[in-house]
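Input: a single structure, listed below in structure tokens.
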Amino acid sequence: MNPIKKKITIFDQNIHLNIPSKCQFCNAILPQNSEVLAEGYTSDSLGRFSEHGKYFLLLKCPFCESIITDLFSILPENPLIKKFRSYAPLKKQSVKISNEMFPSQIQNISPRFISIYNQSLKAEKNGLNELTGMGYRKALEFLVKDYAIYLYPTEEVKIQKMSLQNALAKLDTQSIKILGQVSIKIGNDETHYYKKHDWDIADMKSYISTICTFILSDLNFREATDRLKQDHQLKD
Ligand SMILES: [Zn+2]
């Protein structure tokens with residue numbers, strides 16, 4: 001089955017496309033002179049240094065009248081030169097849900113927090129808005145309790161069984177306490193029938209992210225303090 005050959009021009013450069021000639025919907029073979037309903041180039045900004053993007057084509061199957069979308073990757077010859085490759089490969093699109101990245105110190109203290117947070121993010125991106133708030137509330141609980149356990153390892157079992165409020169109270173950092181308390185209130189609103197505040201899940205996510213920043217700041221401060229102490233001891 002021969003593809004439908006087409007030549008396009010992007011930024012004065014000729015690029016060849018091989019359009020699949022089989023209709024994705026009824027399996028009919030499309031004629032070589034099939035009408036293109038719409039086409040165009042869209043530039044992508046992520047990933048490569050040089051210009052690159054996608055070329056899209058809309059065709060109509062003359063047999064089943066379905067609208068067929070074809071995408072081609074427009075790629076530079078190599079990342080440092082402006083010349084495009086003369087042949088554009090067909091591009092398949094897939095659903096992309098990327099995880100939120102957290103610093104390695106947070107990963108070490110609470111891997112479950114990161115796992116629950118990213119599951120909640122996936123639920124949010126899939127439109128499961130009745131579940132995401134509860135998910136972020138659970139992620140927050142793991143973050144706070146794991147950090148409290150990190151600070152007070154001998155009290156691990158006790159902290160595990162505590163309420164989130166009490167675990168939060170064990171932390172010395174005032175900013176984490178305040179951010180945590182408001183996040184708990186938003187999380188509770190997302191969990192219960194009656195909503196007390198008009199606050200948003202996006203605010204809770206932002207507060208959780210700030211709590212991570214304060215935890216990192218605490219850890220760095222502790223490390224620097226210990227180093228300074230060791231340094232003084234060496235001099236004595
Ligand atoms: Zn068809």
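Ligands are numbered from 1 in the order shown, residues from 1 within each chain, and chains are lettered A, B, ... in the order they appear in the structure tokens.
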
Please identify all polymer residues within 9 Å of stretch 61-65 of chain A, counting only C-alpha atoms, omitting same-chain residues fewer than 6 positions from it, and present them as a PDB file with N, CA and C atoms, in the first residue's frame.
```pdb
ATOM      1  N   CYS A  23      -7.504   4.398   5.436  1.00  0.00           N
ATOM      2  CA  CYS A  23      -8.370   5.109   6.388  1.00  0.00           C
ATOM      3  C   CYS A  23      -8.348   4.371   7.727  1.00  0.00           C
ATOM      4  N   PHE A  25     -10.438   4.458   9.962  1.00  0.00           N
ATOM      5  CA  PHE A  25     -11.777   4.137  10.468  1.00  0.00           C
ATOM      6  C   PHE A  25     -12.475   3.030   9.672  1.00  0.00           C
ATOM      7  N   CYS A  26     -12.306   3.052   8.319  1.00  0.00           N
ATOM      8  CA  CYS A  26     -13.010   2.029   7.535  1.00  0.00           C
ATOM      9  C   CYS A  26     -12.052   1.150   6.731  1.00  0.00           C
ATOM     10  N   ALA A  28     -10.437   1.711   4.164  1.00  0.00           N
ATOM     11  CA  ALA A  28     -10.430   1.935   2.700  1.00  0.00           C
ATOM     12  C   ALA A  28      -9.093   2.565   2.304  1.00  0.00           C
ATOM     13  N   ILE A  29      -8.696   2.355   1.051  1.00  0.00           N
ATOM     14  CA  ILE A  29      -7.469   2.980   0.541  1.00  0.00           C
ATOM     15  C   ILE A  29      -7.836   4.357  -0.013  1.00  0.00           C
ATOM     16  N   LEU A  30      -7.185   5.363   0.532  1.00  0.00           N
ATOM     17  CA  LEU A  30      -7.496   6.736   0.108  1.00  0.00           C
ATOM     18  C   LEU A  30      -6.836   7.018  -1.238  1.00  0.00           C
ATOM     19  N   PRO A  31      -7.525   7.758  -2.096  1.00  0.00           N
ATOM     20  CA  PRO A  31      -6.905   8.084  -3.384  1.00  0.00           C
ATOM     21  C   PRO A  31      -5.701   9.016  -3.213  1.00  0.00           C
ATOM     22  N   SER A  34      -6.296  12.744  -2.609  1.00  0.00           N
ATOM     23  CA  SER A  34      -7.256  13.053  -1.541  1.00  0.00           C
ATOM     24  C   SER A  34      -7.184  14.521  -1.141  1.00  0.00           C
ATOM     25  N   GLU A  35      -8.352  15.077  -0.898  1.00  0.00           N
ATOM     26  CA  GLU A  35      -8.401  16.505  -0.549  1.00  0.00           C
ATOM     27  C   GLU A  35      -7.923  16.729   0.890  1.00  0.00           C
TER      28      GLU A  35
END
```

Might you pull out every residue within 10 Å of stretch 123-129 of chain A, with only C-alpha atoms counted and same-chain residues fewer than 5 positions away left off, and present them as a VMD selection string?
chain A and resid 97 117 to 118 134 to 135 190 201

Include N, CA and C atoms and write out the residues we just selected as an mmCIF file, in the first residue's frame.
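Printed below is again-v4.cif as written:
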```cif
data_model
loop_
_atom_site.group_PDB
_atom_site.id
_atom_site.type_symbol
_atom_site.label_atom_id
_atom_site.label_comp_id
_atom_site.auth_asym_id
_atom_site.auth_seq_id
_atom_site.Cartn_x
_atom_site.Cartn_y
_atom_site.Cartn_z
ATOM 1 N N ILE A 97 1.122 12.200 31.306
ATOM 2 C CA ILE A 97 0.929 12.765 32.643
ATOM 3 C C ILE A 97 2.264 12.672 33.359
ATOM 4 N N TYR A 117 1.125 12.038 46.485
ATOM 5 C CA TYR A 117 0.950 13.334 45.826
ATOM 6 C C TYR A 117 0.768 13.137 44.317
ATOM 7 N N ASN A 118 1.625 12.292 43.736
ATOM 8 C CA ASN A 118 1.556 12.107 42.286
ATOM 9 C C ASN A 118 0.326 11.311 41.848
ATOM 10 N N MET A 134 -8.870 14.951 48.857
ATOM 11 C CA MET A 134 -8.601 13.932 49.873
ATOM 12 C C MET A 134 -7.197 13.359 49.674
ATOM 13 N N GLY A 135 -6.826 13.183 48.417
ATOM 14 C CA GLY A 135 -5.499 12.641 48.097
ATOM 15 C C GLY A 135 -4.390 13.557 48.580
ATOM 16 N N GLU A 190 -12.611 19.274 51.660
ATOM 17 C CA GLU A 190 -12.713 18.405 50.480
ATOM 18 C C GLU A 190 -13.213 17.009 50.858
ATOM 19 N N ILE A 201 -8.251 23.907 46.183
ATOM 20 C CA ILE A 201 -7.235 22.839 46.188
ATOM 21 C C ILE A 201 -5.888 23.384 45.681
#
```

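Here the residues within stretch 40-228 of chain A that DSSP labels strand (DSSP E) on the basis of the backbone are A:Gly40, A:Tyr41, A:Thr42, A:Ser43, A:Asp44, A:His52, A:Gly53, A:Lys54, A:Tyr55, A:Phe56, A:Leu57, A:Leu58, A:Leu59, A:Lys60, A:Ile67, A:Ile68, A:Thr69, A:Asp70, A:Leu71, A:Phe72, A:Ser73, A:Ile74.
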
Nearby residues (only C-alpha atoms) at most 12 Å from A:Val36, same-chain spacing under 4 positions excluded, as number ranges by chain
A: 4, 6, 19, 30-32, 40, 56-62, 67-70

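Atom CA of A:Pro3 lies 22.8 Å from atom CA of A:Ser94.
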
Using only C-alpha atoms, determine which residues lie at most 10 Å from A:Met1, disregarding the query and same-chain residues fewer than 6 positions distant; provide the list as a VMD selection string.
chain A and resid 20 to 22 29

I want to know what sits within 10 Å of A:Tyr41, based on only C-alpha atoms, with residues of the same chain fewer than 3 positions away left out; could you give that as a PDB file with C-alpha atoms, in the first residue's frame?
```pdb
ATOM      1  CA  ILE A   8       5.558  20.873   2.196  1.00  0.00           C
ATOM      2  CA  THR A   9       7.625  24.019   2.759  1.00  0.00           C
ATOM      3  CA  ILE A  10       8.509  25.327   6.226  1.00  0.00           C
ATOM      4  CA  ASP A  44       7.301  23.379  19.775  1.00  0.00           C
ATOM      5  CA  HIS A  52      11.246  21.942  15.665  1.00  0.00           C
ATOM      6  CA  GLY A  53       7.570  21.157  15.822  1.00  0.00           C
ATOM      7  CA  LYS A  54       4.682  19.337  14.218  1.00  0.00           C
ATOM      8  CA  TYR A  55       2.965  19.466  10.873  1.00  0.00           C
ATOM      9  CA  PHE A  56      -0.715  18.587  10.977  1.00  0.00           C
ATOM     10  CA  LEU A  57      -3.018  17.477   8.193  1.00  0.00           C
ATOM     11  CA  LEU A  71       0.815  14.485  12.479  1.00  0.00           C
ATOM     12  CA  PHE A  72       4.454  14.619  11.399  1.00  0.00           C
ATOM     13  CA  SER A  73       7.496  15.502  13.495  1.00  0.00           C
ATOM     14  CA  ILE A  74       9.476  18.335  11.990  1.00  0.00           C
TER      15      ILE A  74
END
```

Distance criterion (only C-alpha atoms): nearest to A:Ile116 out of A:Ser209, A:Gln181, A:Ser66, A:Asn99
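Closest candidate: A:Asn99.
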
Non-local contacts of stretch 155-165 of chain A (10 Å; only C-alpha atoms; under 2 positions in same chain excluded) as an mmCIF file with C-alpha atoms, in the first residue's frame:
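The result, written out as result02.cif:
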```
data_model
loop_
_atom_site.group_PDB
_atom_site.id
_atom_site.type_symbol
_atom_site.label_atom_id
_atom_site.label_comp_id
_atom_site.auth_asym_id
_atom_site.auth_seq_id
_atom_site.Cartn_x
_atom_site.Cartn_y
_atom_site.Cartn_z
ATOM 1 C CA ARG A 137 -4.710 15.802 52.368
ATOM 2 C CA LYS A 138 -3.350 12.243 52.736
ATOM 3 C CA LEU A 140 0.286 16.120 53.520
ATOM 4 C CA GLU A 141 -0.253 13.722 56.454
ATOM 5 C CA PHE A 142 2.610 11.499 55.277
ATOM 6 C CA VAL A 144 4.300 15.982 58.148
ATOM 7 C CA LYS A 145 4.416 12.674 60.068
ATOM 8 C CA ASP A 146 7.504 11.385 58.229
ATOM 9 C CA ALA A 148 8.289 14.519 62.598
ATOM 10 C CA ILE A 149 9.576 10.904 62.715
ATOM 11 C CA TYR A 150 12.810 12.039 61.036
ATOM 12 C CA LEU A 151 13.260 14.631 63.803
ATOM 13 C CA TYR A 152 12.154 12.321 66.650
ATOM 14 C CA PRO A 153 13.039 8.785 65.503
ATOM 15 C CA ALA A 167 2.085 15.653 64.493
ATOM 16 C CA LEU A 168 2.190 19.205 63.150
ATOM 17 C CA ALA A 169 2.414 20.542 66.718
ATOM 18 C CA LYS A 170 5.642 18.543 67.221
ATOM 19 C CA LYS A 177 2.600 24.824 61.392
ATOM 20 C CA GLY A 180 -0.081 22.878 57.538
ATOM 21 C CA GLN A 181 -3.086 24.018 59.589
ATOM 22 C CA ILE A 184 -5.683 20.581 56.793
#
```

Taking into account only C-alpha atoms, which residue in the set A:Lys196, A:Lys205, A:Lys235, A:His16 is nearest to A:Leu90?
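Checking each of A:Lys196, A:Lys205, A:Lys235, A:His16 against A:Leu90, counting only C-alpha atoms, the winner is A:His16.
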
For A:Pro103, which residue out of A:Leu17, A:Leu228, A:Ala139, A:Cys212 is the nearest one, using only C-alpha atoms?
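Under the stated criterion, the closest residue is A:Cys212.
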
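The spacing separating atom CA of A:Asn18 from atom CA of A:Asn2 amounts to 8.8 Å.
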
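Coordinates place atom CA of A:Pro89 at a distance of 10.3 Å from atom CA of A:Ile15.
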